[in-house]
$ cat model-v4.pdb   # PDB, C-alpha atoms and all ligand atoms
ATOM      1  CA  MET A 255      80.239   5.401 119.562
ATOM      2  CA  SER A 256      78.627   6.740 122.735
ATOM      3  CA  SER A 257      79.821   5.772 126.180
ATOM      4  CA  ARG A 258      76.551   3.955 126.702
ATOM      5  CA  VAL A 259      77.276   1.554 123.894
ATOM      6  CA  HIS A 260      80.629   0.766 125.450
ATOM      7  CA  ALA A 261      78.841   0.267 128.731
ATOM      8  CA  LEU A 262      76.379  -2.122 127.107
ATOM      9  CA  GLU A 263      79.262  -4.265 125.984
ATOM     10  CA  ARG A 264      80.714  -4.708 129.441
ATOM     11  CA  LEU A 265      78.114  -6.950 131.035
ATOM     12  CA  ARG A 266      77.261  -9.061 128.031
ATOM     13  CA  PRO A 267      77.526 -12.775 128.654
ATOM     14  CA  VAL A 268      81.065 -13.838 127.974
ATOM     15  CA  SER A 269      80.839 -16.202 125.064
ATOM     16  CA  ALA A 270      83.203 -16.928 122.238
ATOM     17  CA  GLU A 271      80.373 -16.776 119.684
ATOM     18  CA  PHE A 272      78.900 -13.521 120.954
ATOM     19  CA  VAL A 273      79.738 -10.567 118.729
ATOM     20  CA  GLN A 274      78.171  -7.235 119.608
ATOM     21  CA  PRO A 275      76.479  -5.836 116.480
ATOM     22  CA  ASN A 276      77.586  -2.338 115.579
ATOM     23  CA  ARG A 277      75.243   0.617 115.209
ATOM     24  CA  ALA A 278      75.116   0.412 111.406
ATOM     25  CA  GLU A 279      73.948  -3.203 111.599
ATOM     26  CA  VAL A 280      71.205  -2.251 114.066
ATOM     27  CA  GLU A 281      70.021   0.578 111.831
ATOM     28  CA  THR A 282      69.971  -1.778 108.832
ATOM     29  CA  ALA A 283      67.831  -4.172 110.859
ATOM     30  CA  PHE A 284      65.336  -1.386 111.573
ATOM     31  CA  ARG A 285      65.230  -0.493 107.864
ATOM     32  CA  THR A 286      64.350  -4.130 107.186
ATOM     33  CA  ILE A 287      61.563  -4.005 109.772
ATOM     34  CA  ILE A 288      60.134  -0.817 108.218
ATOM     35  CA  ARG A 289      60.117  -2.500 104.790
ATOM     36  CA  TRP A 290      58.561  -5.629 106.291
ATOM     37  CA  ILE A 291      55.615  -3.720 107.790
ATOM     38  CA  GLY A 292      55.039  -2.217 104.363
ATOM     39  CA  ASP A 293      56.629   1.240 104.360
ATOM     40  CA  ASP A 294      59.583   2.822 102.589
ATOM     41  CA  PRO A 295      62.594   3.487 104.857
ATOM     42  CA  ASP A 296      63.945   5.945 102.278
ATOM     43  CA  ARG A 297      61.019   8.361 102.300
ATOM     44  CA  ASP A 298      61.731  11.674 104.035
ATOM     45  CA  GLY A 299      59.693  11.076 107.173
ATOM     46  CA  LEU A 300      61.445   7.783 107.904
ATOM     47  CA  ALA A 301      64.991   8.643 106.891
ATOM     48  CA  GLU A 302      66.201   9.239 110.456
ATOM     49  CA  THR A 303      63.911   6.687 112.103
ATOM     50  CA  PRO A 304      66.312   3.697 112.232
ATOM     51  CA  ALA A 305      68.955   5.880 113.940
ATOM     52  CA  ARG A 306      66.369   7.209 116.409
ATOM     53  CA  MET A 307      65.157   3.704 117.180
ATOM     54  CA  ALA A 308      68.698   2.538 117.886
ATOM     55  CA  ARG A 309      69.202   5.460 120.276
ATOM     56  CA  ALA A 310      65.842   4.810 121.933
ATOM     57  CA  LEU A 311      66.760   1.178 122.595
ATOM     58  CA  GLU A 312      70.059   2.225 124.134
ATOM     59  CA  GLU A 313      68.120   4.377 126.575
ATOM     60  CA  LEU A 314      65.451   1.758 127.328
ATOM     61  CA  PHE A 315      67.985  -0.988 128.021
ATOM     62  CA  THR A 316      70.681   0.753 130.059
ATOM     63  CA  GLY A 317      70.155  -1.886 132.721
ATOM     64  CA  TYR A 318      72.495  -4.339 131.003
ATOM     65  CA  ALA A 319      75.429  -2.027 131.688
ATOM     66  CA  GLU A 320      74.955  -1.848 135.447
ATOM     67  CA  ASN A 321      75.441  -4.238 138.310
ATOM     68  CA  PRO A 322      72.639  -3.907 140.898
ATOM     69  CA  ALA A 323      74.732  -5.569 143.615
ATOM     70  CA  GLU A 324      77.294  -2.764 143.312
ATOM     71  CA  ILE A 325      74.582  -0.144 143.811
ATOM     72  CA  LEU A 326      73.863  -1.588 147.272
ATOM     73  CA  GLN A 327      77.493  -1.797 148.405
ATOM     74  CA  LYS A 328      77.560   1.456 150.378
ATOM     75  CA  THR A 329      75.656   0.978 153.620
ATOM     76  CA  PHE A 330      75.195   2.879 156.873
ATOM     77  CA  GLU A 331      75.714   1.237 160.233
ATOM     78  CA  GLU A 332      75.000   4.082 162.660
ATOM     79  CA  ILE A 333      71.317   3.305 163.004
ATOM     80  CA  GLU A 334      70.871   3.172 166.817
ATOM     81  CA  GLY A 335      69.721  -0.415 166.671
ATOM     82  CA  TYR A 336      66.885   0.371 164.237
ATOM     83  CA  GLU A 337      65.262  -2.953 163.376
ATOM     84  CA  GLU A 338      61.865  -1.970 162.047
ATOM     85  CA  MET A 339      60.565  -2.284 158.550
ATOM     86  CA  ILE A 340      61.755   0.176 155.890
ATOM     87  CA  VAL A 341      59.496   0.457 152.862
ATOM     88  CA  LEU A 342      59.942   2.477 149.708
ATOM     89  CA  ARG A 343      56.497   2.669 148.175
ATOM     90  CA  ALA A 344      55.148   2.918 144.651
ATOM     91  CA  ILE A 345      58.445   3.193 142.751
ATOM     92  CA  ARG A 346      57.356   3.775 139.190
ATOM     93  CA  PHE A 347      59.212   1.865 136.504
ATOM     94  CA  GLU A 348      59.054   1.143 132.801
ATOM     95  CA  SER A 349      60.257  -2.188 131.532
ATOM     96  CA  HIS A 350      59.789  -4.383 128.453
ATOM     97  CA  CYS A 351      58.511  -7.916 128.298
ATOM     98  CA  GLU A 352      60.955 -10.387 126.889
ATOM     99  CA  HIS A 353      58.271 -12.147 124.843
ATOM    100  CA  HIS A 354      57.007  -9.181 122.783
ATOM    101  CA  MET A 355      59.374  -6.326 123.736
ATOM    102  CA  ALA A 356      56.184  -4.481 124.665
ATOM    103  CA  PRO A 357      56.169  -2.011 127.580
ATOM    104  CA  ILE A 358      55.479  -3.128 131.121
ATOM    105  CA  ILE A 359      54.481  -0.053 133.135
ATOM    106  CA  GLY A 360      54.145  -0.409 136.851
ATOM    107  CA  LYS A 361      55.069   0.350 140.411
ATOM    108  CA  ALA A 362      57.180  -1.532 142.909
ATOM    109  CA  TRP A 363      56.996  -1.616 146.706
ATOM    110  CA  VAL A 364      60.299  -2.616 148.259
ATOM    111  CA  GLY A 365      60.624  -3.340 151.958
ATOM    112  CA  TYR A 366      63.204  -4.852 154.265
ATOM    113  CA  VAL A 367      63.935  -5.264 157.938
ATOM    114  CA  PRO A 368      67.612  -4.390 158.429
ATOM    115  CA  SER A 369      70.135  -6.375 160.341
ATOM    116  CA  GLY A 370      72.690  -3.854 161.587
ATOM    117  CA  ARG A 371      72.938  -1.719 158.448
ATOM    118  CA  VAL A 372      70.774   0.133 156.005
ATOM    119  CA  VAL A 373      71.223   1.444 152.492
ATOM    120  CA  GLY A 374      70.380   4.898 151.110
ATOM    121  CA  ILE A 375      66.730   4.808 150.023
ATOM    122  CA  SER A 376      67.445   6.037 146.503
ATOM    123  CA  LYS A 377      69.549   2.903 146.037
ATOM    124  CA  LEU A 378      66.457   0.727 146.392
ATOM    125  CA  ALA A 379      64.839   2.652 143.553
ATOM    126  CA  ARG A 380      68.026   2.299 141.495
ATOM    127  CA  VAL A 381      67.969  -1.490 141.865
ATOM    128  CA  VAL A 382      64.387  -1.531 140.559
ATOM    129  CA  GLU A 383      65.436   0.708 137.676
ATOM    130  CA  VAL A 384      68.438  -1.382 136.613
ATOM    131  CA  TYR A 385      66.498  -4.646 136.487
ATOM    132  CA  ALA A 386      63.533  -2.925 134.806
ATOM    133  CA  LYS A 387      65.730  -1.633 131.992
ATOM    134  CA  ARG A 388      66.361  -5.133 130.707
ATOM    135  CA  LEU A 389      64.096  -7.551 128.859
ATOM    136  CA  GLN A 390      61.937  -8.994 131.588
ATOM    137  CA  ILE A 391      59.006 -10.965 132.761
ATOM    138  CA  GLN A 392      57.389  -9.489 135.855
ATOM    139  CA  GLU A 393      57.898 -12.586 137.971
ATOM    140  CA  LYS A 394      61.648 -12.562 137.313
ATOM    141  CA  LEU A 395      61.903  -8.801 137.889
ATOM    142  CA  THR A 396      60.223  -9.211 141.278
ATOM    143  CA  ALA A 397      62.494 -12.062 142.313
ATOM    144  CA  GLN A 398      65.698 -10.391 141.094
ATOM    145  CA  ILE A 399      65.051  -7.234 143.135
ATOM    146  CA  ALA A 400      64.298  -9.219 146.310
ATOM    147  CA  ASN A 401      67.165 -11.668 145.859
ATOM    148  CA  THR A 402      69.738  -8.933 145.252
ATOM    149  CA  ILE A 403      68.725  -6.986 148.367
ATOM    150  CA  ASP A 404      68.774 -10.220 150.353
ATOM    151  CA  ASP A 405      72.199 -11.269 149.034
ATOM    152  CA  VAL A 406      73.938  -7.933 149.493
ATOM    153  CA  LEU A 407      72.359  -6.414 152.621
ATOM    154  CA  LYS A 408      71.726  -9.704 154.439
ATOM    155  CA  PRO A 409      68.696  -8.218 156.200
ATOM    156  CA  GLN A 410      66.255 -10.051 158.469
ATOM    157  CA  GLY A 411      63.853 -10.140 155.579
ATOM    158  CA  VAL A 412      62.844  -8.592 152.246
ATOM    159  CA  GLY A 413      59.518  -8.086 150.531
ATOM    160  CA  VAL A 414      58.878  -6.900 146.984
ATOM    161  CA  ILE A 415      55.474  -6.342 145.429
ATOM    162  CA  ILE A 416      55.010  -5.257 141.843
ATOM    163  CA  LYS A 417      51.809  -4.156 140.148
ATOM    164  CA  ALA A 418      52.090  -3.542 136.430
ATOM    165  CA  SER A 419      50.160  -3.409 133.213
ATOM    166  CA  HIS A 420      51.536  -5.254 130.230
ATOM    167  CA  HIS A 421      51.127  -3.607 126.859
ATOM    168  CA  CYS A 422      51.423  -6.978 125.168
ATOM    169  CA  MET A 423      47.923  -7.617 126.520
ATOM    170  CA  THR A 424      46.486  -4.117 126.996
ATOM    171  CA  THR A 425      47.161  -2.580 123.577
ATOM    172  CA  ARG A 426      47.453  -5.759 121.482
ATOM    173  CA  GLY A 427      46.568  -9.433 121.847
ATOM    174  CA  ILE A 428      43.419  -9.737 123.932
ATOM    175  CA  HIS A 429      43.172  -5.965 124.648
ATOM    176  CA  LYS A 430      42.349  -6.066 128.325
ATOM    177  CA  SER A 431      43.232  -2.455 129.001
ATOM    178  CA  ASP A 432      42.504  -2.279 132.713
ATOM    179  CA  ALA A 433      44.091  -5.558 133.791
ATOM    180  CA  ASP A 434      47.204  -5.420 135.884
ATOM    181  CA  LEU A 435      49.412  -8.169 137.206
ATOM    182  CA  VAL A 436      50.467  -8.371 140.834
ATOM    183  CA  THR A 437      53.535 -10.343 141.866
ATOM    184  CA  SER A 438      55.381 -10.612 145.145
ATOM    185  CA  ARG A 439      58.432 -12.197 146.664
ATOM    186  CA  MET A 440      58.871 -12.494 150.417
ATOM    187  CA  LEU A 441      62.084 -13.664 152.038
ATOM    188  CA  GLY A 442      63.225 -14.159 155.641
ATOM    189  CA  CYS A 443      60.883 -12.625 158.218
ATOM    190  CA  PHE A 444      58.543 -11.442 155.449
ATOM    191  CA  ARG A 445      57.982 -15.069 154.572
ATOM    192  CA  GLU A 446      58.050 -16.589 158.051
ATOM    193  CA  ASN A 447      56.364 -13.972 160.218
ATOM    194  CA  GLN A 448      52.695 -13.443 159.453
ATOM    195  CA  ALA A 449      52.580 -10.047 161.235
ATOM    196  CA  THR A 450      55.554  -8.722 159.238
ATOM    197  CA  ARG A 451      54.084  -9.933 155.998
ATOM    198  CA  GLN A 452      50.735  -8.370 156.854
ATOM    199  CA  GLU A 453      52.312  -5.029 157.794
ATOM    200  CA  PHE A 454      54.067  -4.915 154.437
ATOM    201  CA  LEU A 455      51.001  -5.951 152.450
ATOM    202  CA  SER A 456      48.913  -3.271 154.166
ATOM    203  CA  MET A 457      51.425  -0.607 153.032
ATOM    204  CA  ALA A 458      51.052  -1.714 149.436
ATOM    205  CA  GLY A 459      47.232  -1.624 149.747
TER     206      GLY A 459
HETATM  207 ZN    ZN B   1      54.630  -9.811 126.393
END
$ encode --input "model-v4.pdb" --output "C-alpha cells"
Amino acid sequence: MSSRVHALERLRPVSAEFVQPNRAEVETAFRTIIRWIGDDPDRDGLAETPARMARALEELFTGYAENPAEILQKTFEEIEGYEEMIVLRAIRFESHCEHHMAPIIGKAWVGYVPSGRVVGISKLARVVEVYAKRLQIQEKLTAQIANTIDDVLKPQGVGVIIKASHHCMTTRGIHKSDADLVTSRMLGCFRENQATRQEFLSMAG
C-alpha cells in the first residue's frame, strides 16, 4: 500500500462504522462500473483500467490527507510594519464537484491585509490546492480558503474570489461550455471597508 493511502486514512472522520475500503475493493467497484456502462472489464484494453482509476483518484483527492491550518503555521513577523494588501492572483486549481465528481477547473485570487505577520506566498497556493483536492462545491471551497486564512493568520481581513468552469454543466447536462461561476468571500476589512474591497476586486478584474 502506498504512503498516500495511509495518508488518506489519517484525516477520515472518526466513526465506529467507517471502514476504509482496501484497494482490491475499489478496483472491483471500477470493474462493476465498466460492466454497467456496457463494456467488458476483462478485455485486453481494460485489464489495467480499474487499477489505473484507483491510482488516479488517489492523486486527485490528496487533499483529504492534509490539514490546511498546519500549512499556514509558519509565519514571518519581521515585516517593518507592512499593513497593505497582499494578493496572490490567478492560482490555477483542479477540483471535483461533490454532486457529479466532474472536474471543476478554475482560478483563485487570495488576498489579505496582515496584522503583524505574513505567511510565505506559496502557502496560500497550497491552501487552495488542499481544499481543491477534495469533493467540493465552489461556494464551500471559497469559504473554506477564506475562513482558514482568517482563523490561522488573524489578519485585518481576507478576500477570496474564485472563477471556475464546471464540467458537470459544460461537457454534460445542459452543455453550456463557456459559462463560468464566480464566487467570493470577504472577511474583516474586505467586508467592512469599501475601498479595500474595491482594490481587491480590481486586481481580480
Ligand atoms: Zn456537479
$ residues_near_ligand --input "model-v4.pdb" --ligand "ligand ZN 1 (chain B)" --cutoff "10 Å" --atoms "all atoms listed in the file" --output "PyMOL selection string"
chain A and resi 350-358+390-392+420-424+426-427
$ atom_distance --input "model-v4.pdb" --atom1 "CA of Pro304 (chain A)" --atom2 "CA of Phe284 (chain A)"
5.2 Å
$ atom_distance --input "model-v4.pdb" --atom1 "CA of Asp404 (chain A)" --atom2 "CA of Gly360 (chain A)"
22.2 Å
$ closest_residue --input "model-v4.pdb" --among "A:Leu311, A:Ile428, A:Ala344, A:Ile403" --to "Lys361 (chain A)" --atoms "only C-alpha atoms"
A:Ala344
$ closest_residue --input "model-v4.pdb" --among "A:Leu435, A:Leu300, A:Met339, A:Val373" --to "Arg451 (chain A)" --atoms "all atoms listed in the file"
A:Met339
